[in-house]
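Visitor: Contents of structure_25.tsv (TSV, C-alpha atoms and all ligand atoms) are given next:
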```
chain	number	residue	atom	x	y	z
A	1	MET	CA	-3.59	14.92	-0.30
A	2	GLY	CA	-6.94	13.41	-1.26
A	3	ARG	CA	-8.12	10.66	1.06
A	4	ASP	CA	-9.12	7.43	-0.73
A	5	VAL	CA	-10.04	3.79	-0.23
A	6	ILE	CA	-7.79	1.29	-2.07
A	7	ILE	CA	-9.22	-2.19	-2.67
A	8	ALA	CA	-6.64	-4.99	-2.30
A	9	CYS	CA	-7.36	-7.20	-5.33
A	10	ASP	CA	-5.80	-10.31	-3.82
A	11	PHE	CA	-6.98	-12.68	-6.55
A	12	ALA	CA	-5.00	-15.42	-8.28
A	13	SER	CA	-6.12	-14.72	-11.84
A	14	ALA	CA	-7.22	-11.98	-14.21
A	15	GLU	CA	-10.52	-13.79	-14.63
A	16	ASP	CA	-11.38	-13.61	-10.92
A	17	THR	CA	-10.21	-9.99	-10.78
A	18	PHE	CA	-12.39	-8.87	-13.68
A	19	LYS	CA	-15.37	-10.82	-12.34
A	20	PHE	CA	-14.94	-8.80	-9.16
A	21	LEU	CA	-14.35	-5.42	-10.83
A	22	ASP	CA	-17.30	-5.91	-13.20
A	23	LYS	CA	-19.62	-5.70	-10.20
A	24	PHE	CA	-18.71	-2.02	-9.82
A	25	GLU	CA	-20.24	-1.07	-13.17
A	26	GLY	CA	-19.68	2.68	-13.64
A	27	LYS	CA	-17.48	3.09	-10.54
A	28	LYS	CA	-13.70	3.02	-10.75
A	29	PRO	CA	-12.21	2.27	-7.34
A	30	PHE	CA	-8.47	2.68	-6.67
A	31	VAL	CA	-7.08	-0.88	-6.68
A	32	LYS	CA	-3.99	-2.56	-5.25
A	33	ILE	CA	-2.27	-5.26	-7.31
A	34	GLY	CA	0.03	-7.41	-5.20
A	35	MET	CA	2.59	-10.13	-5.86
A	36	GLU	CA	0.07	-12.94	-6.30
A	37	LEU	CA	-1.85	-11.36	-9.16
A	38	TYR	CA	1.20	-9.70	-10.75
A	39	TYR	CA	3.27	-12.89	-10.76
A	40	ALA	CA	0.30	-14.86	-12.12
A	41	GLU	CA	-0.59	-12.51	-14.94
A	42	GLY	CA	2.43	-10.26	-15.54
A	43	PRO	CA	2.39	-6.61	-16.61
A	44	SER	CA	-0.65	-7.11	-18.87
A	45	ILE	CA	-2.93	-7.18	-15.81
A	46	VAL	CA	-1.72	-3.69	-14.89
A	47	ARG	CA	-2.31	-2.37	-18.41
A	48	GLU	CA	-5.77	-3.92	-18.59
A	49	ILE	CA	-6.95	-2.55	-15.24
A	50	LYS	CA	-5.49	0.85	-16.12
A	51	LYS	CA	-7.31	0.78	-19.46
A	52	ARG	CA	-10.55	0.27	-17.55
A	53	GLY	CA	-9.90	3.59	-15.83
A	54	HIS	CA	-8.77	2.54	-12.34
A	55	LYS	CA	-5.95	4.09	-10.34
A	56	ILE	CA	-3.40	1.42	-9.39
A	57	PHE	CA	-1.14	0.83	-6.40
A	58	LEU	CA	1.41	-1.78	-7.53
A	59	ASP	CA	2.48	-3.46	-4.29
A	60	LEU	CA	5.65	-5.39	-5.19
A	61	LYS	CA	7.85	-4.25	-2.26
A	62	LEU	CA	11.21	-4.09	-4.06
A	63	HIS	CA	14.39	-4.79	-2.06
A	64	ASP	CA	17.75	-5.35	-3.80
A	65	ILE	CA	21.01	-3.52	-4.53
A	66	PRO	CA	20.40	0.12	-5.57
A	67	ASN	CA	21.31	-0.40	-9.23
A	68	THR	CA	18.94	-3.34	-9.64
A	69	VAL	CA	16.08	-1.52	-7.92
A	70	LYS	CA	16.70	1.58	-10.04
A	71	LYS	CA	16.43	-0.48	-13.23
A	72	GLY	CA	13.39	-2.36	-11.98
A	73	MET	CA	11.65	0.89	-11.10
A	74	ALA	CA	12.47	2.33	-14.54
A	75	VAL	CA	10.54	-0.58	-16.07
A	76	LEU	CA	7.63	-0.12	-13.65
A	77	SER	CA	7.46	3.62	-14.45
A	78	LYS	CA	6.43	2.68	-18.01
A	79	LEU	CA	3.43	0.78	-16.67
A	80	ASP	CA	1.85	4.08	-15.66
A	81	VAL	CA	0.78	3.01	-12.16
A	82	ASP	CA	-0.22	5.68	-9.66
A	83	MET	CA	1.63	4.31	-6.63
A	84	THR	CA	4.30	1.69	-5.94
A	85	ASN	CA	6.58	0.67	-3.08
A	86	LEU	CA	9.82	-0.80	-1.72
A	87	HIS	CA	11.35	-1.83	1.61
A	88	ALA	CA	12.90	1.01	3.62
A	89	SER	CA	15.36	-1.55	5.04
A	90	GLY	CA	17.09	-1.51	1.64
A	91	THR	CA	18.72	1.74	2.87
A	92	LYS	CA	18.51	5.38	1.78
A	93	ALA	CA	20.90	4.68	-1.12
A	94	MET	CA	18.45	2.11	-2.47
A	95	MET	CA	15.47	4.44	-1.99
A	96	GLU	CA	17.25	7.30	-3.78
A	97	ALA	CA	18.17	5.00	-6.67
A	98	ALA	CA	14.55	3.81	-6.83
A	99	LEU	CA	13.29	7.39	-7.13
A	100	GLU	CA	15.75	8.08	-9.91
A	101	GLY	CA	14.67	4.98	-11.81
A	102	LEU	CA	10.97	5.70	-11.31
A	103	THR	CA	11.13	9.29	-12.57
A	104	ARG	CA	10.07	9.49	-16.23
A	105	PRO	CA	11.93	11.64	-18.76
A	106	ASP	CA	9.23	14.34	-18.40
A	107	GLY	CA	9.85	14.52	-14.63
A	108	THR	CA	6.57	12.82	-13.60
A	109	ARG	CA	6.49	9.64	-11.53
A	110	PRO	CA	4.12	7.47	-9.48
A	111	ILE	CA	3.86	8.05	-5.72
A	112	LEU	CA	6.65	6.04	-4.07
A	113	ILE	CA	6.14	4.76	-0.55
A	114	ALA	CA	8.23	2.57	1.76
A	115	VAL	CA	7.34	-0.43	3.88
A	116	THR	CA	8.86	0.15	7.33
A	117	GLN	CA	8.66	-3.03	9.40
A	118	LEU	CA	6.06	-5.48	8.14
A	119	THR	CA	3.16	-5.69	10.56
A	120	SER	CA	3.73	-9.47	10.59
A	121	THR	CA	7.13	-8.91	12.23
A	122	SER	CA	6.91	-8.85	16.03
A	123	GLU	CA	9.37	-6.92	18.19
A	124	GLU	CA	10.58	-10.28	19.51
A	125	ARG	CA	11.32	-11.63	16.01
A	126	MET	CA	12.93	-8.34	14.97
A	127	LYS	CA	15.33	-8.75	17.91
A	128	SER	CA	16.03	-12.47	17.55
A	129	ASP	CA	16.09	-12.80	13.75
A	130	LEU	CA	17.20	-9.34	12.59
A	131	LEU	CA	19.32	-8.41	15.63
A	132	ILE	CA	17.60	-5.01	15.88
A	133	ASN	CA	17.48	-4.17	19.54
A	134	GLU	CA	15.45	-0.96	19.53
A	135	PRO	CA	11.71	-0.85	20.31
A	136	ILE	CA	9.71	-1.55	17.13
A	137	ASP	CA	7.90	1.83	17.28
A	138	LYS	CA	11.24	3.60	17.23
A	139	VAL	CA	12.41	1.48	14.28
A	140	VAL	CA	9.22	2.26	12.31
A	141	MET	CA	9.60	6.02	12.93
A	142	HIS	CA	13.30	5.90	12.03
A	143	TYR	CA	12.60	4.08	8.76
A	144	ALA	CA	9.85	6.62	7.96
A	145	LYS	CA	12.33	9.47	8.51
A	146	CYS	CA	14.92	7.77	6.30
A	147	ALA	CA	12.28	7.38	3.58
A	148	LYS	CA	11.47	11.08	3.84
A	149	GLU	CA	15.14	12.05	3.75
A	150	ALA	CA	15.59	9.91	0.62
A	151	GLY	CA	12.81	11.95	-1.02
A	152	LEU	CA	10.01	9.36	-0.91
A	153	ASP	CA	6.37	10.41	-0.62
A	154	GLY	CA	5.30	8.30	2.35
A	155	VAL	CA	5.06	4.92	4.04
A	156	VAL	CA	2.85	1.90	4.45
A	157	CYS	CA	2.09	1.64	8.16
A	158	SER	CA	-0.45	0.44	10.67
A	159	PRO	CA	-3.31	2.92	11.09
A	160	LEU	CA	-2.23	3.09	14.73
A	161	GLU	CA	1.08	4.63	13.59
A	162	ALA	CA	-0.27	7.07	10.99
A	163	GLY	CA	-0.71	9.95	13.45
A	164	ARG	CA	2.84	9.70	14.75
A	165	VAL	CA	4.28	9.37	11.23
A	166	HIS	CA	2.56	12.65	10.34
A	167	ASP	CA	3.83	14.27	13.54
A	168	SER	CA	7.43	13.39	12.78
A	169	CYS	CA	7.49	13.55	8.95
A	170	GLY	CA	4.87	16.21	8.24
A	171	LYS	CA	1.22	16.14	7.26
A	172	ASP	CA	1.99	15.90	3.54
A	173	PHE	CA	3.99	12.70	4.03
A	174	VAL	CA	1.55	10.05	2.81
A	175	THR	CA	0.35	7.25	5.10
A	176	VAL	CA	-1.13	4.16	3.46
A	177	THR	CA	-2.69	1.87	6.02
A	178	PRO	CA	-3.91	-1.74	5.75
A	179	GLY	CA	-5.48	-3.58	8.69
A	180	VAL	CA	-8.90	-1.95	8.37
A	181	ARG	CA	-12.08	-3.66	9.50
A	182	PHE	CA	-15.70	-2.62	9.98
A	183	ALA	CA	-16.74	-2.28	13.63
A	184	ASP	CA	-19.14	-5.24	13.23
A	185	GLY	CA	-16.84	-7.28	10.92
A	186	ASP	CA	-14.54	-10.29	11.15
A	187	LYS	CA	-10.88	-9.45	11.92
A	188	GLY	CA	-9.50	-12.48	9.99
A	189	ASP	CA	-5.73	-12.78	10.54
A	190	GLN	CA	-5.21	-9.05	11.13
A	191	VAL	CA	-4.38	-8.33	14.75
A	192	ARG	CA	-4.07	-4.59	15.20
A	193	VAL	CA	-7.08	-3.23	13.31
A	194	MET	CA	-9.02	0.00	13.00
A	195	THR	CA	-12.36	0.96	11.50
A	196	PRO	CA	-12.40	3.29	8.46
A	197	GLU	CA	-13.82	6.03	10.72
A	198	GLU	CA	-10.99	5.66	13.25
A	199	ALA	CA	-8.40	5.63	10.44
A	200	LYS	CA	-9.88	8.90	9.20
A	201	LYS	CA	-9.70	10.47	12.67
A	202	ILE	CA	-6.08	9.49	13.10
A	203	GLY	CA	-5.20	10.96	9.71
A	204	SER	CA	-4.54	8.03	7.34
A	205	ASP	CA	-4.39	9.29	3.76
A	206	TYR	CA	-5.27	5.98	2.11
A	207	ILE	CA	-6.73	2.82	3.60
A	208	VAL	CA	-6.06	-0.53	1.92
A	209	VAL	CA	-9.05	-2.82	2.37
A	210	GLY	CA	-9.12	-6.40	1.12
A	211	ARG	CA	-11.41	-9.08	2.49
A	212	PRO	CA	-14.00	-6.77	4.13
A	213	ILE	CA	-14.82	-5.78	0.52
A	214	THR	CA	-13.69	-8.73	-1.65
A	215	ALA	CA	-15.33	-11.37	0.56
A	216	ALA	CA	-18.50	-9.38	1.32
A	217	ALA	CA	-21.86	-10.66	0.12
A	218	ASP	CA	-22.28	-7.30	-1.61
A	219	PRO	CA	-18.78	-5.93	-2.39
A	220	VAL	CA	-20.07	-2.69	-3.93
A	221	ALA	CA	-22.13	-1.90	-0.82
A	222	ALA	CA	-19.12	-2.73	1.39
A	223	TYR	CA	-16.90	-0.42	-0.70
A	224	GLU	CA	-19.45	2.37	-0.51
A	225	ARG	CA	-19.74	1.95	3.25
A	226	CYS	CA	-15.95	2.17	3.50
A	227	CYS	CA	-15.91	5.38	1.45
A	228	ARG	CA	-18.73	6.90	3.53
A	229	GLU	CA	-16.96	6.12	6.81
A	230	PHE	CA	-13.46	7.09	5.64
A	231	ILE	CA	-14.01	9.95	3.21
A	232	GLY	CA	-17.30	11.22	4.62
B	301	LIG	O1	-7.89	-8.62	3.43
B	301	LIG	P1	-7.17	-7.51	4.15
B	301	LIG	O2	-8.01	-6.26	4.34
B	301	LIG	O3	-6.54	-7.97	5.43
B	301	LIG	O4	-6.01	-7.11	3.13
B	301	LIG	C1	-5.02	-6.18	3.46
B	301	LIG	C2	-4.06	-6.03	2.33
B	301	LIG	O5	-2.99	-5.21	2.76
B	301	LIG	C3	-3.42	-7.33	1.84
B	301	LIG	O6	-3.19	-7.18	0.43
B	301	LIG	C4	-2.11	-7.39	2.58
B	301	LIG	O7	-1.11	-8.08	1.87
B	301	LIG	C5	-1.76	-5.91	2.69
B	301	LIG	N1	-0.86	-5.56	3.78
B	301	LIG	C6	-1.14	-5.80	5.12
B	301	LIG	N2	-0.24	-5.42	6.09
B	301	LIG	C7	0.90	-4.82	5.75
B	301	LIG	C8	1.19	-4.57	4.41
B	301	LIG	C9	0.27	-4.95	3.44
B	301	LIG	O8	-2.18	-6.33	5.45
B	301	LIG	N3	1.73	-4.45	6.70
```
For this file, write the structure as structure tokens.

Guide:
Amino acid sequence: MGRDVIIACDFASAEDTFKFLDKFEGKKPFVKIGMELYYAEGPSIVREIKKRGHKIFLDLKLHDIPNTVKKGMAVLSKLDVDMTNLHASGTKAMMEAALEGLTRPDGTRPILIAVTQLTSTSEERMKSDLLINEPIDKVVMHYAKCAKEAGLDGVVCSPLEAGRVHDSCGKDFVTVTPGVRFADGDKGDQVRVMTPEEAKKIGSDYIVVGRPITAAADPVAAYERCCREFIG
């Protein structure tokens, strides 16, 4: 599994996104398109960024009945993204249906990863609102195992969990980790953070980096620093 830095393109319009990507000139970073940009611009934004030669992680976090997710994934498979995701809490049946829908007639498909528990969900909230009474670490590892058993390729997790996910699900099970900050940078609203270098040591396969790159005075230099620290 090749390690890579994925830039979270959390912009509200295609115009802002292209203004940002134009700064990279010849370089083609792996980019993440989330709900905000996708809902604003629709599938055309995916096609346009793909046409420019970028790899794309489409972060739409599907969660519905298996049949609906299967059909949704079949549509997304035609967009030719490189990675997409869903919520593991939709159950193994939903994850299996998603894989089926995502697989193209020629047998190829994007990497499919699962969100375990959102990092914004505290153990306290998980207990009070979701009535899940196990420790959150155990829940995250259980969801990762279910994702593996359903045939998925990996999970989105905190960089602090990436090592343990690899221990229990194998080193080829992909870990995609947001919550990355430079040692001398601003944490923003992220609480449990790691530097790109630490994420590399712990074995993250992909780091998702937003504001440390998008809000930097020199985004290209910030991206290159990230790559140097994470990929080496
Ligand atoms: O700007 P920042 O580096 O915090 O952006 C991180 C990106 O990763 C955002 O797009 C955010 O939605 C996403 N993300 C996250 N934590 C998760 C899942 C996704 O920060 N658990």

Visitor: Got a sec: who's within 8 Å of range 14-27 of chain A, counting all atoms listed in the file, leaving out chain neighbours fewer than 4 positions off, as a list of chain:residue names?

Guide: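 Residues near the query, excluding close chain neighbours: A:Cys9, A:Leu37, A:Glu41, A:Ile45, A:Thr214, A:Pro219, A:Val220.
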
Visitor: If the box runs along x, y and z of the file and leaves 6 Å on each side of ligand LIG 301 (chain B), what are its centre and edge lengths in Å, one decimal, as JSON?

Guide:
```
{"center_x": -3.1, "center_y": -6.5, "center_z": 3.6, "size_x": 21.7, "size_y": 16.2, "size_z": 18.3}
```

Visitor: Would you pick out the contacts of range 150-156 of chain A at 8 Å or less, using all atoms listed in the file, so that residues sharing its chain but fewer than 5 positions from it are not included, and give the list as a list in words?

Guide: Lys92, Ala93, Met95, Glu96, Leu99, Ile111, Leu112, Ile113, Ala114, Val115, Thr116, Ala144, Phe173, Val174, Thr175, Val176, Thr177 and Pro178 of chain A

Visitor: Quick one: residues within 8 Å of ligand LIG 301 (chain B), with only C-alpha atoms and all ligand atoms, as a VMD selection string?

Guide: chain A and resid 8 to 10 32 34 115 117 to 120 156 to 158 177 to 181 187 to 190 208 to 214

Visitor: CA of Asn85 in chain A to CA of Phe57 in chain A: how many Å, to one decimal?

Guide: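 Taking CA of Asn85 in chain A and CA of Phe57 in chain A, their separation equals 8.4 Å.
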
Visitor: Please extract range 49-187 of chain A and write it out with C-alpha atoms, as a PDB file, in the first residue's frame.

Guide:
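Just written: out_4.pdb:
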```
ATOM      1  CA  ILE A  49     -11.076  17.239 -10.953  1.00  0.00           C
ATOM      2  CA  LYS A  50     -10.519  13.738 -12.340  1.00  0.00           C
ATOM      3  CA  LYS A  51      -9.994  15.195 -15.818  1.00  0.00           C
ATOM      4  CA  ARG A  52      -7.251  17.377 -14.359  1.00  0.00           C
ATOM      5  CA  GLY A  53      -5.438  14.191 -13.355  1.00  0.00           C
ATOM      6  CA  HIS A  54      -6.020  14.029  -9.586  1.00  0.00           C
ATOM      7  CA  LYS A  55      -6.846  10.926  -7.580  1.00  0.00           C
ATOM      8  CA  ILE A  56     -10.109  11.430  -5.674  1.00  0.00           C
ATOM      9  CA  PHE A  57     -11.442  10.267  -2.316  1.00  0.00           C
ATOM     10  CA  LEU A  58     -15.215  10.910  -2.428  1.00  0.00           C
ATOM     11  CA  ASP A  59     -16.162  11.311   1.231  1.00  0.00           C
ATOM     12  CA  LEU A  60     -19.974  11.015   1.293  1.00  0.00           C
ATOM     13  CA  LYS A  61     -20.295   8.522   4.193  1.00  0.00           C
ATOM     14  CA  LEU A  62     -23.301   6.540   2.941  1.00  0.00           C
ATOM     15  CA  HIS A  63     -25.680   4.996   5.506  1.00  0.00           C
ATOM     16  CA  ASP A  64     -29.082   3.583   4.476  1.00  0.00           C
ATOM     17  CA  ILE A  65     -30.791   0.239   3.861  1.00  0.00           C
ATOM     18  CA  PRO A  66     -28.524  -2.201   1.945  1.00  0.00           C
ATOM     19  CA  ASN A  67     -30.475  -2.001  -1.320  1.00  0.00           C
ATOM     20  CA  THR A  68     -30.379   1.798  -1.413  1.00  0.00           C
ATOM     21  CA  VAL A  69     -26.666   1.921  -0.605  1.00  0.00           C
ATOM     22  CA  LYS A  70     -25.946  -0.724  -3.247  1.00  0.00           C
ATOM     23  CA  LYS A  71     -27.719   1.355  -5.897  1.00  0.00           C
ATOM     24  CA  GLY A  72     -26.078   4.569  -4.737  1.00  0.00           C
ATOM     25  CA  MET A  73     -22.651   2.954  -4.891  1.00  0.00           C
ATOM     26  CA  ALA A  74     -23.369   1.627  -8.396  1.00  0.00           C
ATOM     27  CA  VAL A  75     -23.890   5.230  -9.511  1.00  0.00           C
ATOM     28  CA  LEU A  76     -20.720   6.397  -7.731  1.00  0.00           C
ATOM     29  CA  SER A  77     -18.684   3.604  -9.370  1.00  0.00           C
ATOM     30  CA  LYS A  78     -19.322   5.292 -12.739  1.00  0.00           C
ATOM     31  CA  LEU A  79     -17.698   8.484 -11.486  1.00  0.00           C
ATOM     32  CA  ASP A  80     -14.335   6.726 -11.501  1.00  0.00           C
ATOM     33  CA  VAL A  81     -13.201   7.903  -8.058  1.00  0.00           C
ATOM     34  CA  ASP A  82     -10.263   6.156  -6.404  1.00  0.00           C
ATOM     35  CA  MET A  83     -11.713   5.861  -2.897  1.00  0.00           C
ATOM     36  CA  THR A  84     -15.111   6.268  -1.238  1.00  0.00           C
ATOM     37  CA  ASN A  85     -16.728   5.453   2.099  1.00  0.00           C
ATOM     38  CA  LEU A  86     -19.755   4.555   4.236  1.00  0.00           C
ATOM     39  CA  HIS A  87     -20.676   4.148   7.906  1.00  0.00           C
ATOM     40  CA  ALA A  88     -19.776   0.780   9.443  1.00  0.00           C
ATOM     41  CA  SER A  89     -22.783   1.211  11.756  1.00  0.00           C
ATOM     42  CA  GLY A  90     -24.995   0.440   8.740  1.00  0.00           C
ATOM     43  CA  THR A  91     -24.119  -3.237   9.446  1.00  0.00           C
ATOM     44  CA  LYS A  92     -22.176  -5.901   7.546  1.00  0.00           C
ATOM     45  CA  ALA A  93     -25.194  -6.520   5.281  1.00  0.00           C
ATOM     46  CA  MET A  94     -25.076  -2.881   4.185  1.00  0.00           C
ATOM     47  CA  MET A  95     -21.299  -2.979   3.658  1.00  0.00           C
ATOM     48  CA  GLU A  96     -21.535  -6.161   1.568  1.00  0.00           C
ATOM     49  CA  ALA A  97     -24.298  -4.633  -0.551  1.00  0.00           C
ATOM     50  CA  ALA A  98     -22.181  -1.494  -0.997  1.00  0.00           C
ATOM     51  CA  LEU A  99     -19.240  -3.553  -2.284  1.00  0.00           C
ATOM     52  CA  GLU A 100     -21.494  -5.329  -4.734  1.00  0.00           C
ATOM     53  CA  GLY A 101     -22.889  -2.048  -6.035  1.00  0.00           C
ATOM     54  CA  LEU A 102     -19.456  -0.440  -6.284  1.00  0.00           C
ATOM     55  CA  THR A 103     -17.876  -3.268  -8.278  1.00  0.00           C
ATOM     56  CA  ARG A 104     -17.875  -2.467 -12.001  1.00  0.00           C
ATOM     57  CA  PRO A 105     -18.774  -5.062 -14.640  1.00  0.00           C
ATOM     58  CA  ASP A 106     -15.036  -5.612 -15.320  1.00  0.00           C
ATOM     59  CA  GLY A 107     -14.448  -6.468 -11.638  1.00  0.00           C
ATOM     60  CA  THR A 108     -12.578  -3.239 -10.759  1.00  0.00           C
ATOM     61  CA  ARG A 109     -13.772  -0.851  -8.066  1.00  0.00           C
ATOM     62  CA  PRO A 110     -12.615   2.107  -5.964  1.00  0.00           C
ATOM     63  CA  ILE A 111     -11.109   1.464  -2.520  1.00  0.00           C
ATOM     64  CA  LEU A 112     -14.016   1.240  -0.055  1.00  0.00           C
ATOM     65  CA  ILE A 113     -13.427   2.246   3.545  1.00  0.00           C
ATOM     66  CA  ALA A 114     -15.709   2.522   6.581  1.00  0.00           C
ATOM     67  CA  VAL A 115     -16.159   5.242   9.157  1.00  0.00           C
ATOM     68  CA  THR A 116     -16.137   3.552  12.580  1.00  0.00           C
ATOM     69  CA  GLN A 117     -17.243   6.013  15.260  1.00  0.00           C
ATOM     70  CA  LEU A 118     -16.913   9.635  14.200  1.00  0.00           C
ATOM     71  CA  THR A 119     -14.135  11.335  16.133  1.00  0.00           C
ATOM     72  CA  SER A 120     -16.702  13.986  17.094  1.00  0.00           C
ATOM     73  CA  THR A 121     -18.640  11.348  19.073  1.00  0.00           C
ATOM     74  CA  SER A 122     -17.447  11.093  22.676  1.00  0.00           C
ATOM     75  CA  GLU A 123     -17.737   7.889  24.699  1.00  0.00           C
ATOM     76  CA  GLU A 124     -20.241   9.703  26.915  1.00  0.00           C
ATOM     77  CA  ARG A 125     -22.486  10.644  23.960  1.00  0.00           C
ATOM     78  CA  MET A 126     -22.158   7.164  22.473  1.00  0.00           C
ATOM     79  CA  LYS A 127     -23.512   5.782  25.760  1.00  0.00           C
ATOM     80  CA  SER A 128     -26.255   8.344  26.361  1.00  0.00           C
ATOM     81  CA  ASP A 129     -27.468   8.908  22.783  1.00  0.00           C
ATOM     82  CA  LEU A 130     -26.682   5.610  21.057  1.00  0.00           C
ATOM     83  CA  LEU A 131     -27.038   3.320  24.096  1.00  0.00           C
ATOM     84  CA  ILE A 132     -23.708   1.633  23.307  1.00  0.00           C
ATOM     85  CA  ASN A 133     -22.197   0.704  26.629  1.00  0.00           C
ATOM     86  CA  GLU A 134     -18.787  -0.624  25.583  1.00  0.00           C
ATOM     87  CA  PRO A 135     -15.596   1.472  25.729  1.00  0.00           C
ATOM     88  CA  ILE A 136     -15.239   3.518  22.523  1.00  0.00           C
ATOM     89  CA  ASP A 137     -11.870   1.905  21.625  1.00  0.00           C
ATOM     90  CA  LYS A 138     -13.510  -1.507  21.694  1.00  0.00           C
ATOM     91  CA  VAL A 139     -16.377  -0.257  19.516  1.00  0.00           C
ATOM     92  CA  VAL A 140     -13.949   1.218  16.952  1.00  0.00           C
ATOM     93  CA  MET A 141     -11.966  -2.050  16.756  1.00  0.00           C
ATOM     94  CA  HIS A 142     -15.162  -4.104  16.488  1.00  0.00           C
ATOM     95  CA  TYR A 143     -16.481  -1.943  13.641  1.00  0.00           C
ATOM     96  CA  ALA A 144     -13.100  -2.233  11.882  1.00  0.00           C
ATOM     97  CA  LYS A 145     -13.290  -6.030  12.148  1.00  0.00           C
ATOM     98  CA  CYS A 146     -16.852  -6.047  10.798  1.00  0.00           C
ATOM     99  CA  ALA A 147     -15.700  -3.899   7.864  1.00  0.00           C
ATOM    100  CA  LYS A 148     -12.907  -6.379   7.164  1.00  0.00           C
ATOM    101  CA  GLU A 149     -15.269  -9.343   7.417  1.00  0.00           C
ATOM    102  CA  ALA A 150     -17.629  -7.630   4.962  1.00  0.00           C
ATOM    103  CA  GLY A 151     -14.723  -7.435   2.495  1.00  0.00           C
ATOM    104  CA  LEU A 152     -13.955  -3.703   2.752  1.00  0.00           C
ATOM    105  CA  ASP A 153     -10.438  -2.376   2.239  1.00  0.00           C
ATOM    106  CA  GLY A 154     -10.024  -0.328   5.411  1.00  0.00           C
ATOM    107  CA  VAL A 155     -11.314   2.349   7.757  1.00  0.00           C
ATOM    108  CA  VAL A 156     -11.179   6.044   8.493  1.00  0.00           C
ATOM    109  CA  CYS A 157      -9.771   6.375  12.001  1.00  0.00           C
ATOM    110  CA  SER A 158      -7.818   8.628  14.298  1.00  0.00           C
ATOM    111  CA  PRO A 159      -4.063   8.332  13.702  1.00  0.00           C
ATOM    112  CA  LEU A 160      -3.878   7.227  17.336  1.00  0.00           C
ATOM    113  CA  GLU A 161      -5.898   4.110  16.400  1.00  0.00           C
ATOM    114  CA  ALA A 162      -4.125   3.227  13.139  1.00  0.00           C
ATOM    115  CA  GLY A 163      -1.524   0.979  14.796  1.00  0.00           C
ATOM    116  CA  ARG A 164      -4.115  -1.068  16.641  1.00  0.00           C
ATOM    117  CA  VAL A 165      -6.338  -1.362  13.556  1.00  0.00           C
ATOM    118  CA  HIS A 166      -3.362  -2.845  11.689  1.00  0.00           C
ATOM    119  CA  ASP A 167      -2.619  -5.190  14.601  1.00  0.00           C
ATOM    120  CA  SER A 168      -6.138  -6.589  14.616  1.00  0.00           C
ATOM    121  CA  CYS A 169      -7.081  -6.404  10.915  1.00  0.00           C
ATOM    122  CA  GLY A 170      -3.704  -6.880   9.226  1.00  0.00           C
ATOM    123  CA  LYS A 171      -1.133  -4.531   7.741  1.00  0.00           C
ATOM    124  CA  ASP A 172      -2.830  -4.472   4.332  1.00  0.00           C
ATOM    125  CA  PHE A 173      -6.084  -3.179   5.831  1.00  0.00           C
ATOM    126  CA  VAL A 174      -5.978   0.504   4.879  1.00  0.00           C
ATOM    127  CA  THR A 175      -6.030   3.239   7.526  1.00  0.00           C
ATOM    128  CA  VAL A 176      -7.036   6.730   6.423  1.00  0.00           C
ATOM    129  CA  THR A 177      -6.448   9.258   9.157  1.00  0.00           C
ATOM    130  CA  PRO A 178      -7.599  12.876   9.527  1.00  0.00           C
ATOM    131  CA  GLY A 179      -6.651  15.016  12.532  1.00  0.00           C
ATOM    132  CA  VAL A 180      -3.133  15.807  11.326  1.00  0.00           C
ATOM    133  CA  ARG A 181      -1.314  18.979  12.317  1.00  0.00           C
ATOM    134  CA  PHE A 182       2.236  20.286  11.988  1.00  0.00           C
ATOM    135  CA  ALA A 183       4.181  20.313  15.262  1.00  0.00           C
ATOM    136  CA  ASP A 184       4.291  24.140  15.173  1.00  0.00           C
ATOM    137  CA  GLY A 185       0.746  24.591  13.768  1.00  0.00           C
ATOM    138  CA  ASP A 186      -2.699  25.568  15.021  1.00  0.00           C
ATOM    139  CA  LYS A 187      -4.903  22.635  16.132  1.00  0.00           C
TER     140      LYS A 187
END
```
